[in-house]
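K.L.:
Quick one: the structure is below, and I'll ask about it shortly.
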Amino acid sequence: MNRQGPGYGAVSRRTLVRGMAAAGTLAGIGMPFVARAAEPIRIGFPTPVTGPFGAEAKDQIRSAELAVKQFNEAGGLNGRMAELLVRDDKLNPGEAATRTLELIEKDRAHFIVGALSSAVQLSVNEITRSRKVIYVSISQSDTINEAKDFSRHTFHEALNPHMTTAAVAKHAFKKGTRVAYLVADYAYGHEMLRGFKRAAAAIGTETAGEILHPFGAPDYSTFMPRLRAMRPDILCICNFGRDQANSIKQANDFGLKKVSRIVVPVLLHNQRLAGGADAFEGVVGASNYYWRLEETVPTAKAFNDAFRAAYAGAVPTDYGAYGYTAVRSLLMAVKAAGDTDTDKVVTALEGLKYDVAKGPESYRACDHQAIQSVLITESKKKSEMQGEADLFKILEVEPGSEAMLRSCDELGHRA
Amino acid sequence: MQTLDQTVVDAPTARPALPRRSPIATDALSRWRAPLSILALLALPFLLPSQALAVNVLIYGLYAVGYNLLYGYTGLLSFGHAAFFGTGAYVTGIAIGTYGLHPLAAMALAVVVASGLALALGALSIRSRGIYFAMVTLALAQLVYYVALQASTWTGGENGLRGFTVTTIDLGIVSLDILNPLTKYLFVLAFVGAALALISRILASPFGAVIEAIRENETRARACGFDVERTKLLAFVLSGLFCGLAGALSAIHLSIVPLDSLAYHTSGTAVVMTLVGGAGTFFGPFVGALTVLVLEDVLSLWTPHWQLALGSVFILFVLFMPRGLWGTALARLTAFRGRA
């Protein structure tokens, strides 16, 4: 064939190139309209994948992904699928703020869920509320409920220190019991101490003494003899994560368990695993979720089964469950609203009554705090454990009620 | 004149600078370094994965450039520059949030306070040298950190400072919408560009020559009749001033001030960025900030083990590129032009 000219019926290369360019341009212009029809529902998920809370973050991601998967398998929002955009916030508020800006400005996330520390969630909230993006926080904090940090777009799915300490105190404190406190010297520790003392005052317990320890302290040996000398009936340890495991271990070594009962505001699955059964034996604390809730709550059973099926028989943890309840309820609200429009979803979330893993939950109108049950659990003896994940005994399930929370007035919300 | 327009210099403790083979070679780069830098930075938001990251590069770039004034040019290894960055950020936030100052006024105040703090910390630390200087600055910066931690009614303590989000900046004629990422970038670039021009001018002045003389040989500089202590102190204050400005910009950018901005690893960040980019080069710290931040951003998307990868990259830099990315590039360029 003559290479210079087009053969019969053939299309010259130039024409072909022109045609392709034109088609490409048209497609390029047309794309946004086509794409918008099936635009996914994007949920930004900043979480500390690296850092001391990495184990909790990993559980949160797995649970959140499960919620997204279930939503998509059920057909999404009329065919619109959801996707989870996980970002590592490195447990650093500045990094979290940058990541949240990226998620909103570049990835066009419709909603933000996540963060795992008081400071980090408050910084994410600062970014989202000025840009009018819904943020569902899944980490404990009292501050985020207060009027100063609240906005119409702020939701708090996690428990707060006030709720957990009140529930633990109600269960463990009696009139006249002597309580000693060991408190991590930072915002979250102070919030927990405040909660306990408030509950203690109402019940009428005595304070045997309180000791502040530096955040992240590895060694508690100087505090233990002083605590022992106070002869408390109850030793209340107000710290979190690795500090909790370390201080409980050392309290055990110093024989404090022989004279007093140890209670903590939050008793965590992963920390119990890290600390070991012997150190934690008999320690009482609160949590938002424990997998054996499935024996009484049908939605917990459904959640656990789905989780086991997706992750090779593993059970969800407490902080992990937050990822599920938050994303699942958010997507329920999206479905109820029929749209990803922020205002409509806020209204839907405010009116939502949901039971997705742990019994009924709903958001309080004034501060968007999730009203939910609080579990009181006790760490089991090694000999009583039936299997590796059987860590706790559920002593009590304190049903969710507004009475657990600080009043709207106290938080500074005008009626 | 030899030192004034010289762009390529070695790290402070390294061997003396190479003789320049051709004055024309780096002349253009050197004479136009500030405008060229600003031009390069103008393209940044369109090249990087996100504008939020680009603004961070500007802010940390300025922070590292300010730090480089002291480390790369004067030869003083400070480990406490977070104090100035954090103070700049906190003062901006408090001035806007608590006192309702105009953002520009708040930033001006922040720069003044950060320079004042630099004067105080500099006066206390400048007479020690080497590792002692590094330790004294680190200790003083930790003092500032704990003051911020304790004064939680002012600073928000552990939770960080919030509640001063700047959405628009009223400039009299126009009002800038800071929530728009590109507008915010250009706003920050205006300050960073001005700072770069100023730093370039400072380095080209006799003062700039003197600080380099002190770095190369302090005894000789003293013998030449220069007041070494006063010059060092002035360099320290100038360095603190630019780091304070970077902090003020970061407060505007993130609309929060985390307590971490005063922590010692923020000081370490300045050192790392300066070393990766090239200590003692004008634009090097910017290249360092860009490299570190982009690597962190991109790697952490791919793998939870990004720290491992980043650490390896740093080790490779220290072993095979002691002059940093920009320093090495400039040296190659000079050598190449010299041959031609």
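In the structure tokens, chains take letters A, B, ... by order of appearance, with residues numbered from 1 within each chain and ligands from 1 in the order shown.
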Kindly assemble as CSV a list of the chain B residues that lie within 9 Å of chain A, each paired with its nearest atom pair and their distance in Å to one decimal, using only C-alpha atoms, sorted first by chain and then by ascending residue number.
P.N.:
```
residue,atom,partner,partner_atom,distance
B:Pro49,CA,A:Lys106,CA,8.1
B:Ser50,CA,A:Lys106,CA,6.1
B:Gln51,CA,A:Glu102,CA,7.4
B:Ala52,CA,A:Glu102,CA,5.9
B:Leu53,CA,A:Thr98,CA,7.0
B:Asn56,CA,A:Thr98,CA,8.1
B:Leu149,CA,A:Tyr186,CA,8.9
B:Gly157,CA,A:Ala187,CA,7.6
B:Glu158,CA,A:Ala187,CA,5.8
B:Asn159,CA,A:Ala119,CA,4.1
B:Gly160,CA,A:Ala119,CA,6.3
B:Leu161,CA,A:Ser123,CA,8.7
B:Arg162,CA,A:Glu126,CA,7.0
B:Gly163,CA,A:Glu126,CA,7.4
B:Thr165,CA,A:Ser130,CA,7.1
B:Val166,CA,A:Ser130,CA,8.9
B:Thr167,CA,A:Ser130,CA,7.7
B:Leu179,CA,A:Arg131,CA,7.4
B:Asn180,CA,A:Glu105,CA,8.6
B:Pro181,CA,A:Glu105,CA,7.3
B:His253,CA,A:Thr98,CA,8.9
B:Leu254,CA,A:Ala97,CA,6.2
B:Ser255,CA,A:Glu126,CA,7.0
B:Ile256,CA,A:Ser123,CA,6.2
B:Val257,CA,A:Gly94,CA,7.5
B:Pro258,CA,A:Pro93,CA,5.8
B:Leu259,CA,A:Pro93,CA,8.5
B:Asp260,CA,A:Asn92,CA,7.5
B:Ser261,CA,A:Gly94,CA,8.0
B:Asp297,CA,A:Arg99,CA,8.9
B:Ser300,CA,A:Asp88,CA,6.5
B:Leu301,CA,A:Arg87,CA,6.7
B:Pro304,CA,A:Thr50,CA,6.4
B:His305,CA,A:Thr50,CA,7.9
B:Trp306,CA,A:Thr50,CA,8.9
B:Gln307,CA,A:Thr50,CA,8.7
```
K.L.:
Considering only alpha helix (DSSP H) as DSSP defines it on the backbone, what residues of stretch 99-202 of chain A qualify? List them as a PyMOL selection string.
P.N.:
chain A and resi 99-105+118-130+161-172+187-202
K.L.:
I'd like the contact shell of B:Ala197 - 9 Å cut-off, only C-alpha atoms, skipping same-chain residues fewer than 6 positions apart - returned as a list of chain:residue names.
P.N.:
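These residues fall inside the cut-off: B:Arg33, B:Ala34, B:Pro35, B:Ile38.
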K.L.:
Can I get the selection written as a PDB file, in the first residue's frame, with C-alpha atoms?
P.N.:
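Output (selection_9.pdb):
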```pdb
ATOM      1  CA  ARG B  33      18.201  34.359  43.883  1.00  0.00           C
ATOM      2  CA  ALA B  34      15.277  35.999  45.684  1.00  0.00           C
ATOM      3  CA  PRO B  35      13.107  36.663  42.583  1.00  0.00           C
ATOM      4  CA  ILE B  38       9.720  33.361  44.462  1.00  0.00           C
TER       5      ILE B  38
END
```
K.L.:
For B:Val112, find every residue with an atom within 10 Å (counting only C-alpha atoms), except residues of its own chain fewer than 2 positions away, and show them as a short mmCIF file (atom, residue, chain, number, x, y, z; two decimals) with C-alpha atoms, in the first residue's frame.
P.N.:
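Result file part.cif:
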```cif
data_model
loop_
_atom_site.label_atom_id
_atom_site.label_comp_id
_atom_site.auth_asym_id
_atom_site.auth_seq_id
_atom_site.Cartn_x
_atom_site.Cartn_y
_atom_site.Cartn_z
CA GLY B 88 5.03 33.34 66.74
CA VAL B 91 1.00 35.15 69.89
CA ALA B 106 -1.48 40.09 65.22
CA MET B 107 1.25 38.77 62.94
CA ALA B 108 3.32 41.93 63.38
CA LEU B 109 2.98 41.58 67.15
CA ALA B 110 3.96 37.92 66.90
CA ALA B 114 9.39 36.24 68.83
CA SER B 115 12.34 38.59 68.17
CA GLY B 116 12.19 39.77 71.77
CA LEU B 117 12.27 36.19 72.96
CA ALA B 118 15.19 35.52 70.61
CA GLY B 240 14.28 34.10 65.57
CA LEU B 241 12.39 36.85 63.77
CA GLY B 244 8.52 33.70 64.40
CA LEU B 245 7.03 34.92 61.12
#
```
K.L.:
In stretch 149-389 of chain A, what's strand (DSSP E or B) per DSSP? Answer as a ChimeraX atom specification?
P.N.:
/A:154-156,178-184,206-213,234-238,261-266,284-287,353-354,361-363,369-371,374-379
K.L.:
Which residues are near A:Ala184? Cut-off 7 Å, only C-alpha atoms, ignore same chain within fewer than 4 positions. Put them as a list in words.
P.N.:
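The contact residues come out as Gly189, Leu212, His213, Pro214, Phe215, Cys238 and Asn239 of chain A.
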K.L.:
Write out, as a PDB file, in the first residue's frame, the residues just selected, with C-alpha atoms.
P.N.:
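Writing the result to part35.pdb gives the following:
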```pdb
ATOM      1  CA  GLY A 189      -6.211  12.900  82.981  1.00  0.00           C
ATOM      2  CA  LEU A 212      -0.254  13.486  89.573  1.00  0.00           C
ATOM      3  CA  HIS A 213       2.221  11.609  87.407  1.00  0.00           C
ATOM      4  CA  PRO A 214       3.865  12.923  84.245  1.00  0.00           C
ATOM      5  CA  PHE A 215       2.237  11.861  80.975  1.00  0.00           C
ATOM      6  CA  CYS A 238      -6.819   7.992  85.627  1.00  0.00           C
ATOM      7  CA  ASN A 239      -4.571   7.564  82.606  1.00  0.00           C
TER       8      ASN A 239
END
```
K.L.:
Leaving out stretch 240-253 of chain A and any residue of its chain fewer than 6 positions from it, which residues lie within 10 Å of it when counting only C-alpha atoms, given as JSON, numbers by chain?
P.N.:
{"A": [52, 53, 56, 182, 183, 184, 188, 189, 213, 214, 215, 216, 217, 218, 219, 220, 221, 223, 224, 225, 227, 228, 262, 263, 264, 265, 266, 267, 268, 270, 271, 272, 273, 274, 275, 276, 278, 279, 280, 281, 283]}
K.L.:
Stretch 136-139 of chain B: which residues within 9 Å, counting only C-alpha atoms, same-chain residues fewer than 6 positions away excluded, as an MDAnalysis selection string?
P.N.:
chainID B and resid 78:81 121:122 124:125 128 264 267
K.L.:
Compare B:Leu44, B:Ala83, B:Ala28, B:Leu275 by their minimum atom-to-atom distance to B:Leu319, counting only C-alpha atoms, and give me the closest one.
P.N.:
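The answer is B:Leu275, which sits nearest to B:Leu319.
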K.L.:
Atom CA of B:Leu295 and atom CA of B:Leu48 are how many Å apart?
P.N.:
11.2 Å
K.L.:
For a quick check of understanding, using only C-alpha atoms, which of B:Val144, B:Leu58, B:Ile202, B:Ile315 has the smallest distance to B:Phe282?
P.N.:
B:Ile202
K.L.:
Could I get the residues of stretch 27-74 of chain B with an atom no further than 12 Å from an atom of stretch 208-222 of chain B, each paired with its nearest atom pair and that distance in Å to one decimal, using only C-alpha atoms, sorted by chain and residue number, as a Markdown table?
P.N.:
```
| residue | atom | partner | partner_atom | distance |
| --- | --- | --- | --- | --- |
| B:Asn68 | CA | B:Glu212 | CA | 11.8 |
| B:Leu69 | CA | B:Ile211 | CA | 9.0 |
| B:Leu70 | CA | B:Ile211 | CA | 8.7 |
| B:Tyr71 | CA | B:Arg215 | CA | 9.0 |
| B:Gly72 | CA | B:Arg215 | CA | 8.4 |
| B:Tyr73 | CA | B:Glu212 | CA | 5.4 |
| B:Thr74 | CA | B:Ile211 | CA | 4.9 |
```
K.L.:
Using only C-alpha atoms, please write the residues we just selected to a file, as a PDB file, in the first residue's frame.
P.N.:
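Once written, again_32.pdb looks like this:
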```
ATOM      1  CA  ASN B  68      19.795  28.441  58.252  1.00  0.00           C
ATOM      2  CA  LEU B  69      20.722  32.067  58.866  1.00  0.00           C
ATOM      3  CA  LEU B  70      22.051  30.973  62.230  1.00  0.00           C
ATOM      4  CA  TYR B  71      23.194  27.451  61.483  1.00  0.00           C
ATOM      5  CA  GLY B  72      24.313  27.500  57.874  1.00  0.00           C
ATOM      6  CA  TYR B  73      25.687  31.039  57.713  1.00  0.00           C
ATOM      7  CA  THR B  74      26.781  31.844  61.270  1.00  0.00           C
TER       8      THR B  74
END
```
